[in-house]
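See below for the structure under consideration.
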Amino acid sequence: MSTSITELAVQSATTTEHEAPAKRWNGDRVFRYVTTFFALSILAILGLMLVEMTSESLPAIRKFGVKFLTSSDWDAVQEVFGALPYLYGSVVSSVLALLLATPLSIGAAIFITEICPKRVGKLIAPLVELLAAIPSVIYGLWGVLVMAPWLQSTVQPFLIERFGFLPFFQGAPYGVSMLAAVFILMIMVVPIITSITREVLLAVPSSQKEAAIALGATRWETIKIAILPYGKSGILGAAILGLGRAVGETMAVTMVIGNSPQISLSLLSPAYTMPSVIANEFAEATAKLHGAALMEVGLILLVVTLVINALARLLIWSVSRSANGGAA
Amino acid sequence: MMRSVAVRKAKNHLMTALMLAATAAVLIPLGLIFFHIVKMGLSSLNPDFFTNIPKPTGETGGGMANGMMGSFVMIAMASLIGLPVGILGAIYLAEFGGGRTSTAIRFAADVLSGTPSIITGMVAYTLLVVPLKGFSALAGSVALAMIMIPIVLRTTEEQLKMVPGSLREASLALGVPLWRTSLKVTLRSALSGVMTGVLLAVARVAGETAPLLFTALGNQFWGKSLTQPMAALPLQIFNFAISPYEDWHRLAWAGALVLVTVMFALSITARYFGSSREKA
């Protein structure tokens, strides 16, 4: 409503101008062009990213084709590049981290919004948001100097002793490992998923809740039948956003994963991810093909995260839009 | 099929306990991280940290003064590039947004803010480091600006939209042209909210490491010019944390404490701006 009135006002301001029409017209016109230019620059940045990354990785795409994704030979001296270990490391570390983080985050978000006293919730919620803003290099610092030694001395020997018969827990306790990367990623994405899920849950209309309570539902049943189904797609969006963050996470993972391009079922052995190999090798990649191969890894990473983020945004947008529609 | 009340109540208690446990599992590691940063950081922090540059390996002492300086310079440059783009772009979305282009821009901004920051580093590398034939603070600033723009754009747009339409209409009715209304009335009354977004964006890039790895590169000494490699606090924390030297680890902890303190100060200031707006 208000926008249409504004538009009318703008129209009348520009059309019923008598004194100096040309001058004012121009001011608004320039204003419109300038702001449009800057707004379009966002699309330009996104386009530039895709074009630059694609053109820079063309030599590697031409040379290796599909083999780039299926081979695990990565040798800068022989100029043979296959990115499979990095793909594997990225997928396994982020999916496992997400599997651990999502239930915890949903539980915490429900606890903050529905269960604990309002005052406590108001204290925890900004704290969680503040934690989501801690830079990844600091998570990495803690991971490599505190968590990895602890894993090496306590957790990994325990896992080897008790569950060593499983292929996932075989080998020596190195500390820096796939397991460390999974843990640090989990710790990092939990605040993100929790705070978005909290917002989604807050958007659930209270009539939904009240209806369930009026039917005699217990608190858990209210959450299960009224709140969670309503926030379903928003929570899914939050989890996917967390996945996007985990896939693209660079510094913290590079510091704790051990940076060894091997594909091993064991979570205790060191591994490597796509962002980590870029972080470690790109500045020193003087050979053209090496640089192009790293660019291709970056391109894959970019496309994967673009798809993940687009999906998450669409889900979250659909929720907030329907919530807004309900309120209006 | 109606289950007995006792079973349902027991289940209710069980789930409540589980959710409490989940909350604890979320907060405990984060609490531990915080605890270690404060404990290790405080014991390593001294005046030298703020005035000296890192000593060569083997010598004790030294600080990260060049890193803090470099971070400050590059954040200032990134803000100089990124803020006008973000804010003017947001004005477009708030004033003329509504069509498909605007939806595409909003979507692109949201998607961009989720792109791994190391990618912006790679793009800045191909755009600036390769043509200028060397790592530079300038390339680092551009990489950081690319991260700032989508954040500033979206937060500013939201703030501009919260300005009551009557205020704008009053200005337009007085014959003030749209561009003046937009800048002097809308933007001005949303200023504290816009500041919140700007501070949050600055806080975000202040901790970014990945985009600087192959743009600013880092420097053991003072960065002398914008076309030379420059040190940055997060880069130094990274390099020192993965080094094998106990002494460098201590410097990394001190750096982490300083970085986290600055970021929290920025976030709290941002929140203050945000809340003062809500009250008004």
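Just so we're on the same page: first chain in the structure tokens is A, next is B, and so on; residues restart at 1 for each chain, and ligands are numbered from 1 in the order they show up.
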Find the residues around range 150-165 of chain B up to 6 Å (only C-alpha atoms counted), leave out those fewer than 4 positions away in its own chain, and share them as a compact mmCIF listing (two decimals) with C-alpha atoms, in the first residue's frame.
# COMPACT_ATOMS: atom_id res chain seq x y z
CA GLY B 86 26.78 -1.65 -0.92
CA ILE B 87 24.89 1.40 0.35
CA ALA B 90 20.75 -0.85 -1.31
CA ALA B 94 14.78 0.25 -1.56
CA ALA B 109 23.75 -10.97 -2.76
CA SER B 113 27.54 -13.94 1.09
CA ALA B 190 17.99 4.87 8.88
CA GLY B 193 20.62 0.88 11.47
CA VAL B 194 22.90 1.24 8.48
CA GLY B 197 25.20 -3.37 9.18
CA VAL B 198 28.46 -1.62 8.36
**Prompt:** So which residues touch Phe169 in chain A within 12 Å, counting only C-alpha atoms, skipping near sequence neighbours fewer than 5 positions away, as a list in words?
**Reply:**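 Counting only C-alpha atoms, the residues come to Val155, Gln156, Pro157, Phe158, Leu159, Ile160, Glu161, Arg162, Phe163, Gly164, Tyr174, Ser177, Met178, Leu179, Ser264, Leu265, Ser266, Leu267, Leu268 and Ser269 of chain A.
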Atoms to include: N, CA and C atoms. Write the selected residues as a PDB file, in the first residue's frame.
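Result file is again.pdb:
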ATOM      1  N   VAL A 155      40.864 -39.302  23.032  1.00  0.00           N
ATOM      2  CA  VAL A 155      39.720 -39.828  22.283  1.00  0.00           C
ATOM      3  C   VAL A 155      40.140 -40.923  21.303  1.00  0.00           C
ATOM      4  N   GLN A 156      41.177 -40.645  20.528  1.00  0.00           N
ATOM      5  CA  GLN A 156      41.541 -41.603  19.491  1.00  0.00           C
ATOM      6  C   GLN A 156      42.056 -42.934  20.047  1.00  0.00           C
ATOM      7  N   PRO A 157      42.926 -42.927  21.094  1.00  0.00           N
ATOM      8  CA  PRO A 157      43.303 -44.235  21.663  1.00  0.00           C
ATOM      9  C   PRO A 157      42.097 -45.028  22.168  1.00  0.00           C
ATOM     10  N   PHE A 158      41.138 -44.311  22.764  1.00  0.00           N
ATOM     11  CA  PHE A 158      39.925 -44.964  23.243  1.00  0.00           C
ATOM     12  C   PHE A 158      39.155 -45.604  22.087  1.00  0.00           C
ATOM     13  N   LEU A 159      38.999 -44.826  21.004  1.00  0.00           N
ATOM     14  CA  LEU A 159      38.271 -45.350  19.846  1.00  0.00           C
ATOM     15  C   LEU A 159      38.981 -46.555  19.254  1.00  0.00           C
ATOM     16  N   ILE A 160      40.311 -46.497  19.187  1.00  0.00           N
ATOM     17  CA  ILE A 160      41.076 -47.600  18.602  1.00  0.00           C
ATOM     18  C   ILE A 160      40.921 -48.842  19.466  1.00  0.00           C
ATOM     19  N   GLU A 161      40.966 -48.634  20.782  1.00  0.00           N
ATOM     20  CA  GLU A 161      40.897 -49.765  21.696  1.00  0.00           C
ATOM     21  C   GLU A 161      39.523 -50.425  21.666  1.00  0.00           C
ATOM     22  N   ARG A 162      38.464 -49.604  21.719  1.00  0.00           N
ATOM     23  CA  ARG A 162      37.119 -50.151  21.838  1.00  0.00           C
ATOM     24  C   ARG A 162      36.494 -50.506  20.486  1.00  0.00           C
ATOM     25  N   PHE A 163      36.721 -49.636  19.498  1.00  0.00           N
ATOM     26  CA  PHE A 163      36.036 -49.820  18.227  1.00  0.00           C
ATOM     27  C   PHE A 163      37.006 -50.082  17.081  1.00  0.00           C
ATOM     28  N   GLY A 164      38.219 -50.470  17.415  1.00  0.00           N
ATOM     29  CA  GLY A 164      39.250 -50.665  16.412  1.00  0.00           C
ATOM     30  C   GLY A 164      38.907 -51.706  15.379  1.00  0.00           C
ATOM     31  N   TYR A 174      46.902 -39.766  15.290  1.00  0.00           N
ATOM     32  CA  TYR A 174      47.748 -38.636  14.902  1.00  0.00           C
ATOM     33  C   TYR A 174      47.299 -37.321  15.536  1.00  0.00           C
ATOM     34  N   SER A 177      43.383 -35.026  11.912  1.00  0.00           N
ATOM     35  CA  SER A 177      42.740 -36.129  11.201  1.00  0.00           C
ATOM     36  C   SER A 177      41.387 -35.686  10.667  1.00  0.00           C
ATOM     37  N   MET A 178      40.777 -36.577   9.900  1.00  0.00           N
ATOM     38  CA  MET A 178      39.413 -36.349   9.456  1.00  0.00           C
ATOM     39  C   MET A 178      38.490 -36.114  10.645  1.00  0.00           C
ATOM     40  N   LEU A 179      38.699 -36.888  11.715  1.00  0.00           N
ATOM     41  CA  LEU A 179      37.862 -36.750  12.905  1.00  0.00           C
ATOM     42  C   LEU A 179      37.944 -35.334  13.471  1.00  0.00           C
ATOM     43  N   SER A 264      40.801 -42.656   2.772  1.00  0.00           N
ATOM     44  CA  SER A 264      40.815 -43.734   3.743  1.00  0.00           C
ATOM     45  C   SER A 264      39.498 -43.754   4.483  1.00  0.00           C
ATOM     46  N   LEU A 265      38.988 -44.955   4.714  1.00  0.00           N
ATOM     47  CA  LEU A 265      37.742 -45.078   5.448  1.00  0.00           C
ATOM     48  C   LEU A 265      37.911 -44.635   6.888  1.00  0.00           C
ATOM     49  N   SER A 266      39.140 -44.755   7.395  1.00  0.00           N
ATOM     50  CA  SER A 266      39.363 -44.461   8.801  1.00  0.00           C
ATOM     51  C   SER A 266      39.278 -42.965   9.070  1.00  0.00           C
ATOM     52  N   LEU A 267      38.485 -42.631  10.078  1.00  0.00           N
ATOM     53  CA  LEU A 267      38.341 -41.222  10.449  1.00  0.00           C
ATOM     54  C   LEU A 267      39.580 -40.722  11.177  1.00  0.00           C
ATOM     55  N   LEU A 268      40.454 -41.657  11.566  1.00  0.00           N
ATOM     56  CA  LEU A 268      41.625 -41.252  12.337  1.00  0.00           C
ATOM     57  C   LEU A 268      42.778 -40.832  11.450  1.00  0.00           C
ATOM     58  N   SER A 269      42.703 -41.159  10.164  1.00  0.00           N
ATOM     59  CA  SER A 269      43.827 -40.795   9.308  1.00  0.00           C
ATOM     60  C   SER A 269      43.642 -39.380   8.770  1.00  0.00           C
TER      61      SER A 269
END
**Request:** Could you check which of A:Thr194, A:Ser206, A:Ser93, A:Gln152 is closest to chain B, using only C-alpha atoms?
**Result:**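 Closest to chain B, using only C-alpha atoms: A:Thr194.
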Can I get the residues of chain A within 6 Å of chain B, each with the closest pair of atoms and their distance in Å to one decimal, using only C-alpha atoms, sorted chain first then ascending number, as a tab-separated table?
residue	atom	partner	partner_atom	distance
A:Asp28	CA	B:Trp179	CA	5.4
A:Phe31	CA	B:Trp179	CA	5.8
A:Thr35	CA	B:Tyr92	CA	5.0
A:Thr36	CA	B:Tyr92	CA	5.8
A:Phe38	CA	B:Gly89	CA	4.8
A:Ala39	CA	B:Gly89	CA	3.8
A:Leu104	CA	B:Ala22	CA	4.8
A:Gly107	CA	B:Met19	CA	4.6
A:Ala108	CA	B:Thr23	CA	4.2
A:Phe111	CA	B:Met19	CA	5.8
A:Pro135	CA	B:Gly207	CA	4.9
A:Leu141	CA	B:Ala241	CA	5.8
A:Trp220	CA	B:Asn12	CA	5.1
A:Gly248	CA	B:Pro116	CA	4.6
A:Ala283	CA	B:Phe214	CA	5.4
A:Asn309	CA	B:Val111	CA	5.5
A:Ala310	CA	B:Val111	CA	5.9
**Request:** Can you list, as number ranges by chain, all residues belonging to range 13-247 of chain B that DSSP tags as helix (DSSP H, G or I)?
**Result:** B: 13-44, 47-51, 65-96, 100-112, 117-129, 137-162, 165-173, 178-189, 191-206, 210-212, 233-241, 246-247
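If only C-alpha atoms are the atoms counted, then among A:Leu40, A:Leu243, A:Ala252, A:Leu289 the closest residue to Val190 in chain A is A:Leu243.
Across the structure, CA of Leu138 in chain B and CA of Ile75 in chain B are spaced 10.6 Å apart.
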**Item:** Best match for closeness to Leu233 in chain B among B:Met148, B:Ala254, B:Met195, B:Val202, counting only C-alpha atoms
**Value:**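 Residue with the minimum atom-to-atom distance to Leu233 in chain B: B:Ala254.
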**Contacts of Ala76 in chain A within 10 Å, only C-alpha atoms, excl. fewer than 6 positions in-chain, as a list in words** = Glu281, Ala285, Thr286, Ala287, Leu289, His290, Gly291 and Ala293 of chain A
**Request:** Could you tell me which of A:Leu131, A:Leu69, A:Ile61, A:Val204 comes closest to Tyr88 in chain A if we count only C-alpha atoms?
**Result:** A:Leu69
**Prompt:** Using only C-alpha atoms, which residue out of A:Ile196, A:Leu294, A:Ala83, A:Ile184 lies closest to Ile138 in chain A?
**Reply:**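 The answer is A:Ile184, which sits nearest to Ile138 in chain A.
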**Prompt:** Residues at most 6 Å from range 62-65 of chain B, counting only C-alpha atoms, excluding those fewer than 2 positions away in the same chain, as a PyMOL selection string?
**Reply:** chain B and resi 48-55+67-68
**Request:** Name the residues in contact with Leu199 in chain B at a cut-off of 8 Å, using only C-alpha atoms, excluding same-chain residues fewer than 6 positions from it; report them as a PyMOL selection string.
**Result:** chain B and resi 266-267+269-270
Based on the selection just made, write C-alpha atoms of those residues as a JSON list (two decimals), in the first residue's frame.
[["chain", "number", "residue", "atom", "x", "y", "z"],
["B", 266, "LEU", "CA", 32.34, -4.11, 17.05],
["B", 267, "SER", "CA", 29.38, -6.48, 17.47],
["B", 269, "THR", "CA", 28.61, -1.40, 19.30],
["B", 270, "ALA", "CA", 26.55, -2.60, 16.36]]
**Message:** Residues near Met230 in chain B, anyone? I mean within 10 Å using only C-alpha atoms, not counting same-chain ones fewer than 2 positions away, as a PyMOL selection string.
**Reply:** chain B and resi 66-67+69-71+73-74+135-138+140+212+215-228+232+235
**Message:** Using only C-alpha atoms, which protein or nucleic acid residues come within 10 Å of Leu100 in chain A? Drop anything in the same chain fewer than 3 positions from it, and give the result as a list of chain:residue names.
**Reply:** A:Ser94, A:Val95, A:Leu96, A:Ala97, A:Pro103, A:Leu104, A:Ser105, A:Val182, A:Phe183, A:Leu185, A:Met186, A:Ile187, A:Val190
Selection to disk with C-alpha atoms, as a PDB file, in the first residue's frame:
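Full text of result13.pdb as output:
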ATOM      1  CA  SER A  94      31.040 -31.685   5.831  1.00  0.00           C
ATOM      2  CA  VAL A  95      28.339 -34.340   5.653  1.00  0.00           C
ATOM      3  CA  LEU A  96      29.469 -35.983   8.910  1.00  0.00           C
ATOM      4  CA  ALA A  97      29.783 -32.582  10.598  1.00  0.00           C
ATOM      5  CA  PRO A 103      20.168 -32.523  15.696  1.00  0.00           C
ATOM      6  CA  LEU A 104      22.181 -30.636  18.295  1.00  0.00           C
ATOM      7  CA  SER A 105      21.281 -27.281  16.755  1.00  0.00           C
ATOM      8  CA  VAL A 182      34.539 -33.186  11.523  1.00  0.00           C
ATOM      9  CA  PHE A 183      34.546 -31.985  15.128  1.00  0.00           C
ATOM     10  CA  LEU A 185      33.287 -28.115  11.511  1.00  0.00           C
ATOM     11  CA  MET A 186      30.509 -29.301  13.773  1.00  0.00           C
ATOM     12  CA  ILE A 187      31.458 -26.736  16.418  1.00  0.00           C
ATOM     13  CA  VAL A 190      26.236 -25.292  15.154  1.00  0.00           C
TER      14      VAL A 190
END
**Request:** Report the distance between CA of Ala181 in chain A and CA of Ala239 in chain A in Å, rounded to one decimal place.
**Result:** 18.0 Å
